[in-house]
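Chemist: Structure supplied as start-v5.cif; contents: mmCIF, C-alpha atoms (C1' of nucleotides).
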data_protein
loop_
_atom_site.group_PDB
_atom_site.id
_atom_site.type_symbol
_atom_site.label_atom_id
_atom_site.label_comp_id
_atom_site.auth_asym_id
_atom_site.auth_seq_id
_atom_site.Cartn_x
_atom_site.Cartn_y
_atom_site.Cartn_z
ATOM 1 C CA MET A 1 -0.194 5.933 0.352
ATOM 2 C CA CYS A 2 -2.323 7.886 -1.984
ATOM 3 C CA ASN A 3 -4.491 5.533 -4.045
ATOM 4 C CA ARG A 4 -7.752 7.475 -4.412
ATOM 5 C CA ALA A 5 -8.282 10.959 -5.765
ATOM 6 C CA SER A 6 -10.828 13.275 -7.325
ATOM 7 C CA VAL A 7 -10.522 15.301 -10.523
ATOM 8 C CA LYS A 8 -14.025 16.688 -10.547
ATOM 9 C CA VAL A 9 -13.780 19.186 -13.397
ATOM 10 C CA THR A 10 -13.771 18.857 -17.190
ATOM 11 C CA GLY A 11 -10.661 18.551 -19.326
ATOM 12 C CA HIS A 12 -11.333 22.024 -20.722
ATOM 13 C CA GLU A 13 -11.361 23.571 -17.254
ATOM 14 C CA ILE A 14 -8.080 21.838 -16.426
ATOM 15 C CA ALA A 15 -6.513 23.158 -19.631
ATOM 16 C CA LYS A 16 -7.725 26.670 -18.826
ATOM 17 C CA VAL A 17 -6.482 26.750 -15.231
ATOM 18 C CA MET A 18 -3.148 25.132 -16.069
ATOM 19 C CA ASN A 19 -2.782 27.246 -19.180
ATOM 20 C CA ALA A 20 -1.690 24.312 -21.340
ATOM 21 C CA PRO A 21 -3.143 22.517 -24.365
ATOM 22 C CA PHE A 22 -5.118 19.308 -23.734
ATOM 23 C CA PRO A 23 -5.867 17.777 -27.161
ATOM 24 C CA ASP A 24 -7.798 14.835 -25.678
ATOM 25 C CA ALA A 25 -9.819 16.988 -23.263
ATOM 26 C CA ASP A 26 -13.094 15.503 -24.527
ATOM 27 C CA LYS A 27 -11.950 11.986 -23.683
ATOM 28 C CA PHE A 28 -11.759 12.861 -19.998
ATOM 29 C CA THR A 29 -14.811 12.560 -17.749
ATOM 30 C CA PRO A 30 -14.741 14.358 -14.387
ATOM 31 C CA VAL A 31 -14.294 11.844 -11.595
ATOM 32 C CA PHE A 32 -15.137 12.113 -7.876
ATOM 33 C CA ASP A 33 -13.524 8.852 -6.835
ATOM 34 C CA ALA A 34 -10.684 7.565 -9.003
ATOM 35 C CA ASN A 35 -9.287 4.374 -7.440
ATOM 36 C CA GLY A 36 -5.631 3.839 -8.387
ATOM 37 C CA PHE A 37 -6.035 0.069 -8.317
ATOM 38 C CA ASP A 38 -8.518 0.380 -11.186
ATOM 39 C CA ARG A 39 -5.797 2.016 -13.316
ATOM 40 C CA PRO A 40 -7.752 5.177 -14.171
ATOM 41 C CA HIS A 41 -6.773 7.495 -17.023
ATOM 42 C CA MET A 42 -5.823 10.823 -15.486
ATOM 43 C CA PRO A 43 -4.903 14.190 -17.010
ATOM 44 C CA VAL A 44 -1.183 14.844 -16.510
ATOM 45 C CA LEU A 45 0.949 17.842 -17.473
ATOM 46 C CA ALA A 46 4.278 16.953 -19.120
ATOM 47 C CA LYS A 47 6.394 18.703 -21.743
ATOM 48 C CA GLY A 48 4.016 21.664 -21.886
ATOM 49 C CA GLU A 49 0.970 19.567 -22.732
ATOM 50 C CA ILE A 50 -1.766 17.783 -20.823
ATOM 51 C CA ARG A 51 -2.416 14.187 -21.822
ATOM 52 C CA LEU A 52 -4.172 11.177 -20.360
ATOM 53 C CA MET A 53 -1.926 8.678 -18.603
ATOM 54 C CA ASP A 54 -2.617 5.529 -16.567
ATOM 55 C CA TRP A 55 -2.024 5.629 -12.811
ATOM 56 C CA GLY A 56 0.645 3.015 -11.871
ATOM 57 C CA LEU A 57 4.032 3.337 -13.574
ATOM 58 C CA MET A 58 5.311 0.575 -15.867
ATOM 59 C CA PRO A 59 9.085 0.826 -16.386
ATOM 60 C CA ASN A 60 10.265 0.911 -19.994
ATOM 61 C CA TRP A 61 11.918 -2.519 -19.958
ATOM 62 C CA PRO A 62 11.793 -4.637 -23.068
ATOM 63 C CA SER A 63 10.642 -8.261 -23.212
ATOM 64 C CA LYS A 64 8.107 -7.968 -20.438
ATOM 65 C CA THR A 65 4.537 -9.118 -20.722
ATOM 66 C CA LEU A 66 1.581 -6.869 -20.076
ATOM 67 C CA SER A 67 0.520 -9.108 -17.227
ATOM 68 C CA GLU A 68 3.930 -8.713 -15.528
ATOM 69 C CA GLN A 69 3.729 -4.968 -15.967
ATOM 70 C CA LEU A 70 0.181 -4.814 -14.599
ATOM 71 C CA GLN A 71 1.291 -6.758 -11.559
ATOM 72 C CA LEU A 72 4.172 -4.383 -10.930
ATOM 73 C CA SER A 73 2.015 -1.313 -11.498
ATOM 74 C CA LYS A 74 -0.103 -2.136 -8.436
ATOM 75 C CA PHE A 75 2.944 -1.154 -6.408
ATOM 76 C CA THR A 76 3.943 1.902 -8.373
ATOM 77 C CA LEU A 77 0.951 4.137 -7.697
ATOM 78 C CA ASN A 78 3.427 6.021 -5.505
ATOM 79 C CA ALA A 79 7.208 6.460 -5.496
ATOM 80 C CA ARG A 80 9.101 7.327 -2.293
ATOM 81 C CA ASN A 81 11.145 10.525 -2.485
ATOM 82 C CA ASP A 82 13.967 9.039 -0.382
ATOM 83 C CA THR A 83 14.719 6.146 -2.766
ATOM 84 C CA ILE A 84 13.416 7.382 -6.109
ATOM 85 C CA PHE A 85 16.939 8.128 -7.438
ATOM 86 C CA GLU A 86 18.071 4.527 -6.774
ATOM 87 C CA LYS A 87 15.103 2.371 -7.706
ATOM 88 C CA ALA A 88 15.482 0.712 -11.088
ATOM 89 C CA SER A 89 11.856 1.471 -11.935
ATOM 90 C CA PHE A 90 12.083 5.188 -11.221
ATOM 91 C CA LYS A 91 15.669 6.399 -11.570
ATOM 92 C CA ASN A 92 15.586 7.089 -15.297
ATOM 93 C CA SER A 93 12.428 9.147 -15.052
ATOM 94 C CA ILE A 94 13.270 11.331 -12.052
ATOM 95 C CA TRP A 95 16.684 12.446 -13.276
ATOM 96 C CA ASN A 96 18.936 11.752 -16.226
ATOM 97 C CA GLU A 97 22.194 13.076 -17.663
ATOM 98 C CA ASN A 98 20.345 13.313 -20.926
ATOM 99 C CA PRO A 99 17.681 15.994 -20.448
ATOM 100 C CA ASP A 100 15.537 14.408 -23.166
ATOM 101 C CA GLN A 101 15.130 11.330 -20.960
ATOM 102 C CA VAL A 102 13.864 13.222 -17.907
ATOM 103 C CA LYS A 103 10.181 12.458 -17.302
ATOM 104 C CA ARG A 104 8.872 14.553 -14.437
ATOM 105 C CA CYS A 105 5.220 15.540 -14.570
ATOM 106 C CA VAL A 106 2.462 17.262 -12.600
ATOM 107 C CA ILE A 107 -0.901 15.701 -11.789
ATOM 108 C CA PRO A 108 -3.711 18.189 -11.026
ATOM 109 C CA LEU A 109 -6.063 16.810 -8.340
ATOM 110 C CA THR A 110 -9.157 18.492 -6.930
ATOM 111 C CA GLY A 111 -8.659 16.328 -3.837
ATOM 112 C CA PHE A 112 -7.566 12.960 -2.502
ATOM 113 C CA TYR A 113 -8.639 10.455 0.138
ATOM 114 C CA GLU A 114 -6.824 8.893 3.091
ATOM 115 C CA PRO A 115 -8.185 6.704 5.881
ATOM 116 C CA HIS A 116 -8.000 7.595 9.563
ATOM 117 C CA THR A 117 -7.765 4.633 11.937
ATOM 118 C CA TYR A 118 -9.368 4.754 15.377
ATOM 119 C CA GLU A 119 -9.782 1.718 17.617
ATOM 120 C CA GLY A 120 -9.294 -0.594 14.685
ATOM 121 C CA LYS A 121 -11.865 1.110 12.440
ATOM 122 C CA LYS A 122 -11.249 3.083 9.259
ATOM 123 C CA TYR A 123 -12.720 6.535 8.731
ATOM 124 C CA PRO A 124 -12.204 7.949 5.236
ATOM 125 C CA PHE A 125 -11.147 11.593 4.925
ATOM 126 C CA TYR A 126 -11.205 13.883 1.908
ATOM 127 C CA ILE A 127 -8.359 16.398 1.588
ATOM 128 C CA TYR A 128 -8.707 19.348 -0.787
ATOM 129 C CA PRO A 129 -6.977 22.650 -1.616
ATOM 130 C CA LYS A 130 -8.395 25.638 0.266
ATOM 131 C CA ASN A 131 -7.367 28.494 -1.991
ATOM 132 C CA GLU A 132 -6.588 26.908 -5.366
ATOM 133 C CA PRO A 133 -8.646 24.846 -7.792
ATOM 134 C CA PHE A 134 -6.045 22.057 -7.687
ATOM 135 C CA PHE A 135 -3.336 20.345 -5.774
ATOM 136 C CA TYR A 136 -0.388 20.178 -8.168
ATOM 137 C CA VAL A 137 1.122 16.783 -7.420
ATOM 138 C CA ALA A 138 4.736 15.978 -8.334
ATOM 139 C CA GLY A 139 5.029 12.829 -10.418
ATOM 140 C CA ILE A 140 7.121 10.831 -12.860
ATOM 141 C CA TYR A 141 5.987 8.983 -15.967
ATOM 142 C CA SER A 142 7.156 6.335 -18.400
ATOM 143 C CA PHE A 143 6.488 4.985 -21.884
ATOM 144 C CA TRP A 144 6.308 1.244 -22.432
ATOM 145 C CA LYS A 145 5.545 -0.610 -25.643
ATOM 146 C CA ASP A 146 3.854 -3.987 -25.316
ATOM 147 C CA PRO A 147 6.016 -6.399 -27.379
ATOM 148 C CA ILE A 148 2.819 -8.340 -28.113
ATOM 149 C CA GLY A 149 0.518 -6.159 -30.153
ATOM 150 C CA GLY A 150 2.746 -3.092 -30.016
ATOM 151 C CA ASP A 151 0.424 -0.960 -27.872
ATOM 152 C CA TRP A 152 2.001 2.008 -26.114
ATOM 153 C CA HIS A 153 1.285 2.480 -22.411
ATOM 154 C CA VAL A 154 1.912 5.884 -20.853
ATOM 155 C CA THR A 155 1.882 5.541 -17.082
ATOM 156 C CA PHE A 156 2.750 7.629 -14.013
ATOM 157 C CA SER A 157 3.465 7.558 -10.256
ATOM 158 C CA MET A 158 2.743 10.189 -7.621
ATOM 159 C CA ILE A 159 5.741 10.923 -5.413
ATOM 160 C CA THR A 160 5.392 10.665 -1.629
ATOM 161 C CA THR A 161 7.299 12.441 1.143
ATOM 162 C CA GLU A 162 6.967 12.917 4.912
ATOM 163 C CA PRO A 163 3.499 14.048 6.031
ATOM 164 C CA ASN A 164 2.658 17.515 7.353
ATOM 165 C CA ARG A 165 0.741 17.859 10.632
ATOM 166 C CA ILE A 166 -2.721 17.365 9.116
ATOM 167 C CA LEU A 167 -1.782 14.240 7.159
ATOM 168 C CA LYS A 168 0.135 12.843 10.128
ATOM 169 C CA LYS A 169 -3.039 13.160 12.173
ATOM 170 C CA ILE A 170 -5.417 11.773 9.540
ATOM 171 C CA HIS A 171 -3.276 9.090 7.986
ATOM 172 C CA ASN A 172 -2.164 7.789 11.358
ATOM 173 C CA VAL A 173 -1.525 4.112 10.717
ATOM 174 C CA ALA A 174 0.689 2.655 8.051
ATOM 175 C CA THR A 175 0.183 -1.034 7.406
ATOM 176 C CA THR A 176 3.552 -2.767 7.544
ATOM 177 C CA SER A 177 6.061 -0.002 8.148
ATOM 178 C CA ASP A 178 5.796 2.615 10.850
ATOM 179 C CA ASP A 179 6.437 5.626 8.651
ATOM 180 C CA GLN A 180 3.644 7.680 7.182
ATOM 181 C CA ARG A 181 3.626 9.192 3.731
ATOM 182 C CA MET A 182 1.961 12.109 1.959
ATOM 183 C CA ILE A 183 1.973 13.037 -1.721
ATOM 184 C CA VAL A 184 4.296 15.853 -2.801
ATOM 185 C CA ILE A 185 2.202 18.954 -3.541
ATOM 186 C CA LEU A 186 4.012 21.691 -5.448
ATOM 187 C CA GLU A 187 3.456 25.398 -5.176
ATOM 188 C CA LYS A 188 1.963 26.643 -8.422
ATOM 189 C CA ARG A 189 5.017 28.827 -9.058
ATOM 190 C CA ASN A 190 7.275 25.738 -8.920
ATOM 191 C CA ILE A 191 5.465 23.696 -11.573
ATOM 192 C CA GLU A 192 7.723 24.770 -14.431
ATOM 193 C CA LEU A 193 10.860 24.405 -12.327
ATOM 194 C CA TRP A 194 9.856 20.862 -11.359
ATOM 195 C CA MET A 195 9.528 19.848 -14.990
ATOM 196 C CA ASP A 196 12.672 21.675 -16.162
ATOM 197 C CA PRO A 197 14.833 18.841 -17.552
ATOM 198 C CA LEU A 198 17.983 20.814 -16.734
ATOM 199 C CA LEU A 199 17.157 21.118 -13.025
ATOM 200 C CA PRO A 200 20.039 19.484 -11.106
ATOM 201 C CA LYS A 201 19.449 16.546 -8.789
ATOM 202 C CA GLU A 202 19.725 18.750 -5.694
ATOM 203 C CA GLY A 203 17.022 21.039 -7.021
ATOM 204 C CA VAL A 204 14.747 18.074 -7.665
ATOM 205 C CA LYS A 205 15.296 16.855 -4.091
ATOM 206 C CA GLN A 206 14.474 20.248 -2.636
ATOM 207 C CA LEU A 207 11.085 20.334 -4.331
ATOM 208 C CA MET A 208 10.012 16.977 -2.852
ATOM 209 C CA GLN A 209 9.071 18.483 0.528
ATOM 210 C CA PRO A 210 5.860 18.292 2.571
ATOM 211 C CA CYS A 211 3.568 21.188 1.691
ATOM 212 C CA PRO A 212 2.359 23.594 4.410
ATOM 213 C CA GLU A 213 -0.869 22.534 6.105
ATOM 214 C CA GLU A 214 -2.351 26.001 5.572
ATOM 215 C CA ILE A 215 -3.149 25.246 1.917
ATOM 216 C CA MET A 216 -5.381 22.262 2.722
ATOM 217 C CA GLY A 217 -8.805 21.571 4.139
ATOM 218 C CA ALA A 218 -9.985 18.109 5.164
ATOM 219 C CA HIS A 219 -13.004 16.324 6.606
ATOM 220 C CA SER A 220 -14.394 12.841 7.087
ATOM 221 C CA VAL A 221 -16.620 11.396 4.348
ATOM 222 C CA SER A 222 -19.052 8.497 4.046
ATOM 223 C CA ARG A 223 -17.827 4.909 4.139
ATOM 224 C CA ASN A 224 -19.722 4.494 0.872
ATOM 225 C CA LEU A 225 -16.322 5.383 -0.558
ATOM 226 C CA TYR A 226 -15.222 1.842 0.237
ATOM 227 C CA SER A 227 -18.456 0.014 -0.397
ATOM 228 C CA PRO A 228 -18.485 -2.250 -3.443
ATOM 229 C CA LYS A 229 -22.281 -2.103 -3.420
ATOM 230 C CA VAL A 230 -22.529 1.656 -3.750
ATOM 231 C CA ASP A 231 -21.350 3.720 -6.707
ATOM 232 C CA SER A 232 -18.953 6.102 -4.997
ATOM 233 C CA ASN A 233 -18.283 8.176 -8.098
ATOM 234 C CA THR A 234 -20.908 10.800 -7.272
ATOM 235 C CA PRO A 235 -20.692 14.483 -6.294
ATOM 236 C CA GLU A 236 -21.946 13.662 -2.759
ATOM 237 C CA ILE A 237 -19.031 11.372 -1.961
ATOM 238 C CA ILE A 238 -16.792 14.325 -1.062
ATOM 239 C CA ASP A 239 -19.370 15.802 1.336
ATOM 240 C CA TYR A 240 -18.678 16.170 5.042
ATOM 241 C CA PHE A 241 -19.933 13.115 6.928
ATOM 242 C CA PRO A 242 -19.436 13.320 10.706
ATOM 243 C CA TYR A 243 -18.638 10.296 12.860
ATOM 244 C CA GLU A 244 -19.722 10.407 16.526
ATOM 245 C CA ASP A 245 -16.779 8.097 17.316
ATOM 246 C CA LEU A 246 -14.373 10.917 16.468
ATOM 247 C CA LYS A 247 -16.059 13.534 18.682
ATOM 248 C CA PHE A 248 -13.160 13.407 21.161
ATOM 249 C CA ASP A 249 -11.150 15.559 18.740
ATOM 250 C CA ASP A 250 -12.518 18.745 17.165
ATOM 251 C CA GLU A 251 -10.387 18.528 14.054
ATOM 252 C CA LEU A 252 -11.201 14.910 13.348
ATOM 253 C CA TYR A 253 -14.881 15.461 14.078
ATOM 254 C CA TYR A 254 -15.577 18.839 12.464
ATOM 255 C CA GLY A 255 -12.765 18.838 9.925
ATOM 256 C CA PHE A 256 -9.546 20.776 9.439
ATOM 257 C CA ASN A 257 -11.123 23.699 7.614
ATOM 258 C CA LEU A 258 -12.803 25.345 10.571
ATOM 259 C CA LYS A 259 -10.854 28.583 10.867
ATOM 260 C "C1'" DC B 1 28.726 -13.918 -11.044
ATOM 261 C "C1'" DC B 2 23.970 -15.064 -11.826
ATOM 262 C "C1'" DA B 3 19.276 -15.618 -10.776
ATOM 263 C "C1'" DG B 4 15.629 -13.059 -9.697
ATOM 264 C "C1'" DA B 5 13.563 -8.861 -8.606
ATOM 265 C "C1'" DC B 6 12.234 -4.485 -9.994
ATOM 266 C "C1'" DG B 7 7.267 -1.551 -5.475
ATOM 267 C "C1'" DT B 8 4.037 0.574 -2.052
ATOM 268 C "C1'" DT B 9 1.607 0.614 2.177
ATOM 269 C "C1'" DG B 10 -5.799 0.014 0.768
ATOM 270 C "C1'" DT B 11 -10.577 -0.749 1.447
ATOM 271 C "C1'" DT B 12 -15.175 -3.499 1.096
ATOM 272 C "C1'" DG C 1 17.482 -2.523 -18.673
ATOM 273 C "C1'" DT C 2 19.734 -2.587 -14.040
ATOM 274 C "C1'" DC C 3 20.075 -3.570 -9.275
ATOM 275 C "C1'" DT C 4 20.347 -6.936 -5.367
ATOM 276 C "C1'" DG C 5 20.738 -11.038 -2.581
ATOM 277 C "C1'" DG C 6 23.135 -15.002 -1.947
ATOM 278 C "C1'" DC D 1 27.885 -6.711 -1.674
ATOM 279 C "C1'" DC D 2 29.816 -9.410 2.040
ATOM 280 C "C1'" DA D 3 31.314 -13.484 4.349
ATOM 281 C "C1'" DG D 4 34.765 -16.546 4.117
ATOM 282 C "C1'" DA D 5 38.674 -18.351 2.051
ATOM 283 C "C1'" DC D 6 43.272 -17.767 0.978
ATOM 284 C "C1'" DG D 7 46.471 -24.560 -0.953
ATOM 285 C "C1'" DT D 8 48.852 -28.603 -2.805
ATOM 286 C "C1'" DT D 9 49.175 -33.290 -4.191
ATOM 287 C "C1'" DG D 10 54.353 -37.413 0.232
ATOM 288 C "C1'" DT D 11 57.850 -39.333 2.802
ATOM 289 C "C1'" DT D 12 59.641 -42.358 6.712
ATOM 290 C "C1'" DG E 1 44.929 -7.530 1.345
ATOM 291 C "C1'" DT E 2 42.148 -9.601 -2.307
ATOM 292 C "C1'" DC E 3 39.523 -13.093 -4.595
ATOM 293 C "C1'" DT E 4 35.304 -15.934 -4.857
ATOM 294 C "C1'" DG E 5 30.917 -18.131 -3.977
ATOM 295 C "C1'" DG E 6 26.450 -17.300 -3.056
#
Show me this structure written as structure tokens.
Modeler:
Amino acid sequence: MCNRASVKVTGHEIAKVMNAPFPDADKFTPVFDANGFDRPHMPVLAKGEIRLMDWGLMPNWPSKTLSEQLQLSKFTLNARNDTIFEKASFKNSIWNENPDQVKRCVIPLTGFYEPHTYEGKKYPFYIYPKNEPFFYVAGIYSFWKDPIGGDWHVTFSMITTEPNRILKKIHNVATTSDDQRMIVILEKRNIELWMDPLLPKEGVKQLMQPCPEEIMGAHSVSRNLYSPKVDSNTPEIIDYFPYEDLKFDDELYYGFNLK
DNA sequence: CCAGACGTTGTT
DNA sequence: GTCTGG
DNA sequence: CCAGACGTTGTT
DNA sequence: GTCTGG
């Protein structure tokens, strides 16, 4: 699962790199530790424009209360690529006969966090792009209008797929199922194709693949990431923090960005 | 057919 | 709204 | 969707 | 084989 990420640059830098307008750029504050369970506002590219959306998709069903939607959204931080076309909450966003209804998006991340488990203990790792400013994460989004008050909620999910070698090694224990997941990271040249509403279902499926490990670096970081007593939204939180316990393995100890 | 779910895999 | 479990 | 039913109303 | 109850 991917439930923590960093977007540690300004809205204006995102707009520049992604070459797309971001009207609300000033409303975005760079973040080093965005926790999905806190429903952060994140910059998301959709329909040629970057806008702020809330992490955790709320399906566009009528006659639901905000509290029901908030409950559901705790489980929609991610959407599995193998069932996304069938699930009631996701199917209308990922693909639709009517191209106007298609809601695929791209979330630019400067990095994300996953825990490594060793002898029952958790060791947080930070994973970041080696040669690009961002990971371009494949996502879907949704509009929902609160029947009470009429507020519009624009929300999104990050799609997950099978892990590559690095993520398999870091994110080694899944809680209740035995399969491991990794977010779908698109090649920059596939961003437009991913969001093309006329892309057939098969084309959509083909883009939801694990990315090559060569594009990523990764290293362990401080457990302050998980501490409720420490403000983890600081530039230092992404810094390399070695754990003697992991010395038995060079990659886990020194990081995956050695050579 | 209808009631009930609708979703994923975390950490302190 | 639409699927699923019984 | 699948397991389980699937049928009617007496006579000596 | 096909309907129905759950």
Chemist: Can you measure C1' of DG7 (chain D) to C1' of DT2 (chain E) for me? One decimal in Å is fine.
Modeler: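 Separation between C1' of DG7 (chain D) and C1' of DT2 (chain E): 15.6 Å.
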Chemist: Which residues come within 10 Å of DT4 (chain E), counting all atoms listed in the file, excluding same-chain residues fewer than 2 positions away, as a PyMOL selection string?
Modeler: (chain B and resi 1) or (chain D and resi 4-5) or (chain E and resi 2+6)
Chemist: Give me, as a PyMOL selection string, the contact residues of chain A against chain C at a cut-off of 12 Å, counting only C-alpha atoms (C1' of nucleotides).
Modeler: chain A and resi 59-64+86-92
Chemist: For Ala20 (chain A), list every protein, DNA or RNA residue within 7 Å, evaluated using only C-alpha atoms (C1' of nucleotides), and leave out those in the same chain fewer than 4 positions away; present the list as a ChimeraX atom specification.
Modeler: /A:15-16,48-50
Chemist: Considering all atoms listed in the file, extract the chain A residues located within 6 Å of chain B and return them as a VMD selection string.
Modeler: chain A and resid 1 75 to 76 175 226 to 228
Chemist: Hey, can I get the axis-aligned box for region 53-69 of chain A? All listed atoms, 3 Å padding on each side, centre and edge lengths in Å to one decimal, as AutoDock Vina command-line options.
Modeler:
--center_x 4.7 --center_y -0.2 --center_z -17.5 --size_x 20.5 --size_y 23.8 --size_z 17.3
Chemist: Please compute the CA of Tyr123 (chain A)-CA of Ser220 (chain A) distance, one decimal, in Å.
Modeler: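 Value for the CA of Tyr123 (chain A)-CA of Ser220 (chain A) distance: 6.7 Å.
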Chemist: Mind giving me the straight-line distance from CA of Leu52 (chain A) to CA of Ser222 (chain A) in Å, one decimal?
Modeler: 28.7 Å
Chemist: Output: chain E of the preceding structure, restricted to C-alpha atoms (C1' of nucleotides), written as a tab-separated table (two decimals), in the first residue's frame.
Modeler:
chain	number	residue	atom	x	y	z
E	1	DG	C1'	-32.97	-28.34	-18.11
E	2	DT	C1'	-34.72	-24.33	-15.60
E	3	DC	C1'	-36.70	-21.84	-11.84
E	4	DT	C1'	-36.27	-19.97	-7.12
E	5	DG	C1'	-34.73	-18.79	-2.53
E	6	DG	C1'	-31.22	-16.93	-0.14
